[in-house]
file final-v2.pdb (PDB, C-alpha atoms and all ligand atoms)
ATOM      1  CA  MET A   8     -31.447   7.842  15.531  1.00  0.00           C
ATOM      2  CA  MET A   9     -27.963   7.516  16.964  1.00  0.00           C
ATOM      3  CA  LYS A  10     -26.578   6.129  20.180  1.00  0.00           C
ATOM      4  CA  GLU A  11     -24.362   7.959  22.637  1.00  0.00           C
ATOM      5  CA  ALA A  12     -22.281   6.191  25.264  1.00  0.00           C
ATOM      6  CA  TYR A  13     -20.938   7.378  28.564  1.00  0.00           C
ATOM      7  CA  SER A  14     -18.133   5.785  30.522  1.00  0.00           C
ATOM      8  CA  PHE A  15     -15.423   6.856  32.903  1.00  0.00           C
ATOM      9  CA  SER A  16     -12.525   5.206  34.640  1.00  0.00           C
ATOM     10  CA  PHE A  17     -11.295   5.510  38.176  1.00  0.00           C
ATOM     11  CA  ASP A  18      -8.382   4.236  40.213  1.00  0.00           C
ATOM     12  CA  VAL A  19      -8.726   1.414  42.715  1.00  0.00           C
ATOM     13  CA  TYR A  20      -6.161   1.138  45.520  1.00  0.00           C
ATOM     14  CA  GLU A  21      -5.848  -1.850  47.813  1.00  0.00           C
ATOM     15  CA  SER A  22      -5.406   0.362  50.881  1.00  0.00           C
ATOM     16  CA  GLU A  23      -4.231   3.776  52.072  1.00  0.00           C
ATOM     17  CA  ASP A  24      -0.643   2.475  51.950  1.00  0.00           C
ATOM     18  CA  GLU A  25      -0.719   2.900  48.157  1.00  0.00           C
ATOM     19  CA  LEU A  26      -1.847   6.547  48.275  1.00  0.00           C
ATOM     20  CA  ASN A  27       0.448   9.566  48.133  1.00  0.00           C
ATOM     21  CA  ALA A  28       1.000  11.370  51.447  1.00  0.00           C
ATOM     22  CA  THR A  29      -1.539  14.163  50.754  1.00  0.00           C
ATOM     23  CA  ASP A  30      -4.353  11.759  49.847  1.00  0.00           C
ATOM     24  CA  ALA A  31      -3.497   9.413  52.718  1.00  0.00           C
ATOM     25  CA  ALA A  32      -3.706  12.325  55.182  1.00  0.00           C
ATOM     26  CA  LEU A  33      -7.117  13.324  53.805  1.00  0.00           C
ATOM     27  CA  VAL A  34      -8.391   9.764  54.152  1.00  0.00           C
ATOM     28  CA  LYS A  35      -7.141   9.660  57.727  1.00  0.00           C
ATOM     29  CA  GLN A  36      -9.026  12.873  58.536  1.00  0.00           C
ATOM     30  CA  ALA A  37     -12.256  11.688  56.871  1.00  0.00           C
ATOM     31  CA  ARG A  38     -12.097   8.449  58.857  1.00  0.00           C
ATOM     32  CA  ALA A  39     -11.411  10.263  62.127  1.00  0.00           C
ATOM     33  CA  ILE A  40     -14.076  12.954  61.704  1.00  0.00           C
ATOM     34  CA  SER A  41     -16.752  10.360  60.926  1.00  0.00           C
ATOM     35  CA  GLU A  42     -16.864   9.565  64.651  1.00  0.00           C
ATOM     36  CA  GLN A  43     -18.149  13.105  65.267  1.00  0.00           C
ATOM     37  CA  ALA A  44     -21.206  12.593  63.072  1.00  0.00           C
ATOM     38  CA  TYR A  45     -24.662  13.052  64.536  1.00  0.00           C
ATOM     39  CA  ALA A  46     -26.294   9.810  63.412  1.00  0.00           C
ATOM     40  CA  PRO A  47     -28.444   8.540  66.307  1.00  0.00           C
ATOM     41  CA  TYR A  48     -31.077   7.093  63.959  1.00  0.00           C
ATOM     42  CA  SER A  49     -29.135   5.227  61.275  1.00  0.00           C
ATOM     43  CA  LYS A  50     -25.946   4.767  63.338  1.00  0.00           C
ATOM     44  CA  PHE A  51     -24.175   5.206  60.003  1.00  0.00           C
ATOM     45  CA  PHE A  52     -21.431   7.728  60.744  1.00  0.00           C
ATOM     46  CA  VAL A  53     -20.066   9.505  57.666  1.00  0.00           C
ATOM     47  CA  GLY A  54     -17.044  11.805  57.560  1.00  0.00           C
ATOM     48  CA  ALA A  55     -15.671  13.926  54.732  1.00  0.00           C
ATOM     49  CA  ALA A  56     -12.454  15.941  54.536  1.00  0.00           C
ATOM     50  CA  ALA A  57     -11.588  18.314  51.704  1.00  0.00           C
ATOM     51  CA  LEU A  58      -8.388  19.963  50.576  1.00  0.00           C
ATOM     52  CA  MET A  59      -9.181  23.419  49.218  1.00  0.00           C
ATOM     53  CA  ASP A  60      -7.201  25.454  46.704  1.00  0.00           C
ATOM     54  CA  ASN A  61      -5.826  27.662  49.478  1.00  0.00           C
ATOM     55  CA  GLY A  62      -4.454  24.640  51.353  1.00  0.00           C
ATOM     56  CA  SER A  63      -7.177  24.678  54.000  1.00  0.00           C
ATOM     57  CA  ILE A  64      -8.756  21.438  55.110  1.00  0.00           C
ATOM     58  CA  ILE A  65     -12.516  21.532  55.744  1.00  0.00           C
ATOM     59  CA  THR A  66     -14.395  18.607  57.247  1.00  0.00           C
ATOM     60  CA  GLY A  67     -18.044  17.593  57.433  1.00  0.00           C
ATOM     61  CA  THR A  68     -20.193  14.896  59.005  1.00  0.00           C
ATOM     62  CA  ASN A  69     -23.776  13.744  58.515  1.00  0.00           C
ATOM     63  CA  GLN A  70     -26.315  15.556  60.680  1.00  0.00           C
ATOM     64  CA  GLU A  71     -29.483  13.551  61.167  1.00  0.00           C
ATOM     65  CA  ASN A  72     -32.877  14.708  62.329  1.00  0.00           C
ATOM     66  CA  ALA A  73     -35.862  13.094  64.040  1.00  0.00           C
ATOM     67  CA  SER A  74     -37.708  14.179  60.915  1.00  0.00           C
ATOM     68  CA  TYR A  75     -35.564  11.905  58.745  1.00  0.00           C
ATOM     69  CA  PRO A  76     -35.655  13.808  55.427  1.00  0.00           C
ATOM     70  CA  VAL A  77     -34.187  16.878  57.146  1.00  0.00           C
ATOM     71  CA  THR A  78     -30.905  14.962  57.495  1.00  0.00           C
ATOM     72  CA  LEU A  79     -27.833  16.503  55.924  1.00  0.00           C
ATOM     73  CA  CYS A  80     -25.178  14.225  54.454  1.00  0.00           C
ATOM     74  CA  ALA A  81     -21.517  14.711  55.330  1.00  0.00           C
ATOM     75  CA  GLU A  82     -20.636  15.839  51.816  1.00  0.00           C
ATOM     76  CA  ARG A  83     -23.250  18.600  51.761  1.00  0.00           C
ATOM     77  CA  ALA A  84     -22.405  19.639  55.329  1.00  0.00           C
ATOM     78  CA  LEU A  85     -18.797  19.977  54.195  1.00  0.00           C
ATOM     79  CA  MET A  86     -19.624  21.966  51.054  1.00  0.00           C
ATOM     80  CA  ALA A  87     -21.918  24.315  52.979  1.00  0.00           C
ATOM     81  CA  ALA A  88     -19.151  24.950  55.509  1.00  0.00           C
ATOM     82  CA  ALA A  89     -16.480  25.395  52.827  1.00  0.00           C
ATOM     83  CA  ALA A  90     -18.584  27.763  50.732  1.00  0.00           C
ATOM     84  CA  SER A  91     -19.565  29.774  53.802  1.00  0.00           C
ATOM     85  CA  VAL A  92     -15.994  30.298  54.977  1.00  0.00           C
ATOM     86  CA  TYR A  93     -14.318  30.519  51.543  1.00  0.00           C
ATOM     87  CA  PRO A  94     -17.021  31.418  48.990  1.00  0.00           C
ATOM     88  CA  ASN A  95     -14.552  31.852  46.120  1.00  0.00           C
ATOM     89  CA  ILE A  96     -12.281  28.871  46.705  1.00  0.00           C
ATOM     90  CA  GLY A  97     -12.623  25.493  45.033  1.00  0.00           C
ATOM     91  CA  ILE A  98     -12.026  22.043  46.442  1.00  0.00           C
ATOM     92  CA  LYS A  99      -9.208  20.009  44.925  1.00  0.00           C
ATOM     93  CA  THR A 100     -10.018  16.693  46.566  1.00  0.00           C
ATOM     94  CA  MET A 101     -12.698  15.421  48.923  1.00  0.00           C
ATOM     95  CA  ALA A 102     -12.230  12.166  50.851  1.00  0.00           C
ATOM     96  CA  ILE A 103     -15.368  10.421  52.118  1.00  0.00           C
ATOM     97  CA  SER A 104     -15.384   7.674  54.709  1.00  0.00           C
ATOM     98  CA  TYR A 105     -17.792   6.135  57.187  1.00  0.00           C
ATOM     99  CA  HIS A 106     -18.116   3.937  60.215  1.00  0.00           C
ATOM    100  CA  ASN A 107     -21.262   1.849  60.382  1.00  0.00           C
ATOM    101  CA  HIS A 108     -21.963   1.497  64.107  1.00  0.00           C
ATOM    102  CA  ASN A 109     -24.633  -1.132  63.511  1.00  0.00           C
ATOM    103  CA  LYS A 110     -23.777  -4.643  64.641  1.00  0.00           C
ATOM    104  CA  ASN A 111     -22.179  -7.158  62.287  1.00  0.00           C
ATOM    105  CA  THR A 112     -20.765  -4.565  59.908  1.00  0.00           C
ATOM    106  CA  ASN A 113     -17.121  -3.837  59.207  1.00  0.00           C
ATOM    107  CA  SER A 114     -17.144  -0.595  57.142  1.00  0.00           C
ATOM    108  CA  ASN A 115     -14.509  -1.890  54.746  1.00  0.00           C
ATOM    109  CA  THR A 116     -16.215  -1.154  51.413  1.00  0.00           C
ATOM    110  CA  PRO A 117     -16.025   2.341  49.859  1.00  0.00           C
ATOM    111  CA  ILE A 118     -19.267   4.353  49.859  1.00  0.00           C
ATOM    112  CA  SER A 119     -20.320   6.622  47.063  1.00  0.00           C
ATOM    113  CA  PRO A 120     -22.218   9.921  47.456  1.00  0.00           C
ATOM    114  CA  CYS A 121     -26.025   9.745  47.351  1.00  0.00           C
ATOM    115  CA  GLY A 122     -27.928  11.226  44.432  1.00  0.00           C
ATOM    116  CA  MET A 123     -28.707  14.484  46.214  1.00  0.00           C
ATOM    117  CA  CYS A 124     -25.039  14.964  47.100  1.00  0.00           C
ATOM    118  CA  ARG A 125     -24.018  14.232  43.500  1.00  0.00           C
ATOM    119  CA  GLN A 126     -26.244  17.092  42.368  1.00  0.00           C
ATOM    120  CA  SER A 127     -24.703  19.338  44.997  1.00  0.00           C
ATOM    121  CA  LEU A 128     -21.168  18.255  44.057  1.00  0.00           C
ATOM    122  CA  VAL A 129     -21.846  19.131  40.417  1.00  0.00           C
ATOM    123  CA  GLU A 130     -23.011  22.610  41.429  1.00  0.00           C
ATOM    124  CA  PHE A 131     -19.846  23.083  43.495  1.00  0.00           C
ATOM    125  CA  GLU A 132     -17.719  22.019  40.542  1.00  0.00           C
ATOM    126  CA  THR A 133     -19.615  24.415  38.267  1.00  0.00           C
ATOM    127  CA  ARG A 134     -18.893  27.271  40.691  1.00  0.00           C
ATOM    128  CA  HIS A 135     -15.182  26.495  40.733  1.00  0.00           C
ATOM    129  CA  HIS A 136     -13.557  23.568  38.946  1.00  0.00           C
ATOM    130  CA  VAL A 137     -13.538  19.789  38.972  1.00  0.00           C
ATOM    131  CA  MET A 138     -13.090  17.974  42.267  1.00  0.00           C
ATOM    132  CA  ARG A 139     -11.415  14.607  42.847  1.00  0.00           C
ATOM    133  CA  LEU A 140     -13.242  12.225  45.149  1.00  0.00           C
ATOM    134  CA  ILE A 141     -11.575   9.614  47.330  1.00  0.00           C
ATOM    135  CA  LEU A 142     -14.117   7.009  48.422  1.00  0.00           C
ATOM    136  CA  THR A 143     -13.253   4.741  51.284  1.00  0.00           C
ATOM    137  CA  GLY A 144     -14.349   3.061  54.480  1.00  0.00           C
ATOM    138  CA  LEU A 145     -12.409   2.464  57.666  1.00  0.00           C
ATOM    139  CA  SER A 146     -10.216   0.020  55.773  1.00  0.00           C
ATOM    140  CA  GLY A 147     -10.140  -1.901  52.509  1.00  0.00           C
ATOM    141  CA  LYS A 148     -10.150  -0.738  48.912  1.00  0.00           C
ATOM    142  CA  ILE A 149     -10.099   2.949  48.008  1.00  0.00           C
ATOM    143  CA  TYR A 150     -11.610   4.443  44.850  1.00  0.00           C
ATOM    144  CA  VAL A 151     -10.316   7.687  43.375  1.00  0.00           C
ATOM    145  CA  ILE A 152     -12.781   9.369  41.001  1.00  0.00           C
ATOM    146  CA  PRO A 153     -11.093  12.069  38.885  1.00  0.00           C
ATOM    147  CA  GLU A 154     -14.130  14.373  38.671  1.00  0.00           C
ATOM    148  CA  ALA A 155     -17.186  14.269  40.952  1.00  0.00           C
ATOM    149  CA  GLY A 156     -19.454  15.131  38.015  1.00  0.00           C
ATOM    150  CA  GLN A 157     -18.583  11.823  36.376  1.00  0.00           C
ATOM    151  CA  LEU A 158     -20.940  10.223  38.913  1.00  0.00           C
ATOM    152  CA  LEU A 159     -23.876  12.214  37.533  1.00  0.00           C
ATOM    153  CA  PRO A 160     -23.938  12.139  33.742  1.00  0.00           C
ATOM    154  CA  LEU A 161     -26.440  14.362  31.923  1.00  0.00           C
ATOM    155  CA  SER A 162     -26.855  16.388  35.092  1.00  0.00           C
ATOM    156  CA  PHE A 163     -29.208  19.323  35.411  1.00  0.00           C
ATOM    157  CA  LYS A 164     -27.279  22.585  35.721  1.00  0.00           C
ATOM    158  CA  GLY A 165     -27.970  26.292  36.157  1.00  0.00           C
ATOM    159  CA  GLU A 166     -27.391  26.826  32.442  1.00  0.00           C
ATOM    160  CA  ASN A 167     -30.487  24.711  31.720  1.00  0.00           C
ATOM    161  CA  LEU A 168     -32.608  27.376  33.394  1.00  0.00           C
ATOM    162  CA  ARG A 169     -31.535  29.806  30.676  1.00  0.00           C
ATOM    163  CA  MET A 170     -32.321  27.543  27.731  1.00  0.00           C
TER
HETATM  164  N1  LIG B   1     -24.972   9.639  54.274  1.00  0.00           N
HETATM  165  C1  LIG B   1     -23.983  10.562  54.079  1.00  0.00           C
HETATM  166  O1  LIG B   1     -23.727  11.414  54.946  1.00  0.00           O
HETATM  167  N2  LIG B   1     -23.279  10.509  52.936  1.00  0.00           N
HETATM  168  C2  LIG B   1     -23.400   9.544  51.981  1.00  0.00           C
HETATM  169  O2  LIG B   1     -22.679   9.573  50.996  1.00  0.00           O
HETATM  170  C3  LIG B   1     -24.405   8.487  52.149  1.00  0.00           C
HETATM  171  C4  LIG B   1     -25.334   8.642  53.282  1.00  0.00           C
HETATM  172  C5  LIG B   1     -25.700   9.636  55.545  1.00  0.00           C
HETATM  173  C6  LIG B   1     -27.113  10.091  55.507  1.00  0.00           C
HETATM  174  C7  LIG B   1     -27.699   9.388  56.726  1.00  0.00           C
HETATM  175  O3  LIG B   1     -27.441  10.167  57.873  1.00  0.00           O
HETATM  176  C8  LIG B   1     -26.889   8.111  56.831  1.00  0.00           C
HETATM  177  O4  LIG B   1     -25.732   8.314  56.047  1.00  0.00           O
HETATM  178  C9  LIG B   1     -27.624   6.866  56.354  1.00  0.00           C
HETATM  179  O5  LIG B   1     -28.168   7.068  55.087  1.00  0.00           O
END
call {"tool": "encode", "arguments": {"input": "final-v2.pdb", "output": "structure tokens", "more": "lines below"}}
Ligand code: THU
result
Amino acid sequence: MMKEAYSFSFDVYESEDELNATDAALVKQARAISEQAYAPYSKFFVGAAALMDNGSIITGTNQENASYPVTLCAERALMAAAASVYPNIGIKTMAISYHNHNKNTNSNTPISPCGMCRQSLVEFETRHHVMRLILTGLSGKIYVIPEAGQLLPLSFKGENLRM
């Protein structure tokens, strides 16, 4: 028997003021687009903005449903839109933000993609190349993850279907 270990490192910024101009602009767009989410049930408004290899910016928001499990997260809404418009173009960086409209919340802690989105992010990376993630809220600390797939070690991939 032997042991294997997995670890990764990411950057933590105190605020958007420490980011370069490109990343700061993406954060601004993710924060702004979150207000366009359709989240009447959770009131948790998520926005994502991605810079693609061709320079285009694509955005996404969570789309909830009265049948709760039908809900689409902002990240997957964004990837579906990006892949529909530009099927052969990768995403360099995706910024994810949110505004919790519930009372007594301040949306100042970064959120991280849910498990289903992590699986979807890995597939997108496999189709193209690695994607940086910028995780943020309306204010406060910002995490920059170098590769989305780092959030889902030992992930299940298409290649496993051929083994
Ligand atoms: N949600 C996202 O859109 N992205 C995430 O990374 C976490 C959760 C949405 C799903 C649901 O509409 C609401 O946030 C509360 O879970």
call {"tool": "resolve_selection", "arguments": {"input": "final-v2.pdb", "expression": "the PyMOL selection byres (((not hetatm)) within 6 of (chain B and resi 1))", "output": "VMD selection string"}}
result
chain A and resid 46 49 51 53 69 71 78 80 to 81 119 to 121
call {"tool": "resolve_selection", "arguments": {"input": "final-v2.pdb", "expression": "the PyMOL selection byres (((chain A and resi 153) around 7) and not hetatm)", "output": "list in words"}}
result
Phe17, Arg139, Leu140, Val151, Ile152, Glu154 and Ala155 of chain A
call {"tool": "atom_distance", "arguments": {"input": "final-v2.pdb", "atom1": "CA of Ala37 in chain A", "atom2": "CA of Met123 in chain A"}}
result
19.8 Å
call {"tool": "closest_residue", "arguments": {"input": "final-v2.pdb", "among": "A:Ala44, A:Ala12, A:Leu159, A:Met59", "to": "Ser127 in chain A", "atoms": "only C-alpha atoms"}}
result
A:Leu159
call {"tool": "closest_residue", "arguments": {"input": "final-v2.pdb", "among": "A:Val34, A:Ile118, A:Val19, A:Leu26", "to": "Leu58 in chain A", "atoms": "all atoms listed in the file"}}
result
A:Val34
call {"tool": "atom_distance", "arguments": {"input": "final-v2.pdb", "atom1": "CA of Ser162 in chain A", "atom2": "CA of Gln126 in chain A"}}
result
7.3 Å
call {"tool": "residues_around", "arguments": {"input": "final-v2.pdb", "residues": "range 129-138 of chain A", "least_positions_apart": "3", "cutoff": "12 Å", "atoms": "only C-alpha atoms", "output": "PyMOL selection string"}}
result
chain A and resi 57-60+82-83+85-87+89-90+93-102+120+122-126+141+151-166
call {"tool": "resolve_selection", "arguments": {"input": "final-v2.pdb", "expression": "the PyMOL selection byres (((chain A and resi 104-109) around 6) and not hetatm)", "output": "PyMOL selection string"}}
result
chain A and resi 37-38+41+50-54+103+110+114+143-144
call {"tool": "axis_aligned_box", "arguments": {"input": "final-v2.pdb", "around": "range 93-99 of chain A", "padding_each_side": "5 Å", "output": "JSON"}}
result
{"center_x": -13.1, "center_y": 25.9, "center_z": 48.2, "size_x": 17.8, "size_y": 21.8, "size_z": 16.6}
call {"tool": "closest_residue", "arguments": {"input": "final-v2.pdb", "among": "A:Tyr75, A:Tyr20, A:Tyr48, A:Phe15", "to": "Lys148 in chain A", "atoms": "all atoms listed in the file"}}
result
A:Tyr20
call {"tool": "closest_residue", "arguments": {"input": "final-v2.pdb", "among": "A:Ala73, A:Ala31, A:Ala88, A:Ile65", "to": "Ser146 in chain A", "atoms": "all atoms listed in the file"}}
result
A:Ala31
call {"tool": "atom_distance", "arguments": {"input": "final-v2.pdb", "atom1": "CA of Asn113 in chain A", "atom2": "CA of Ala39 in chain A"}}
result
15.5 Å
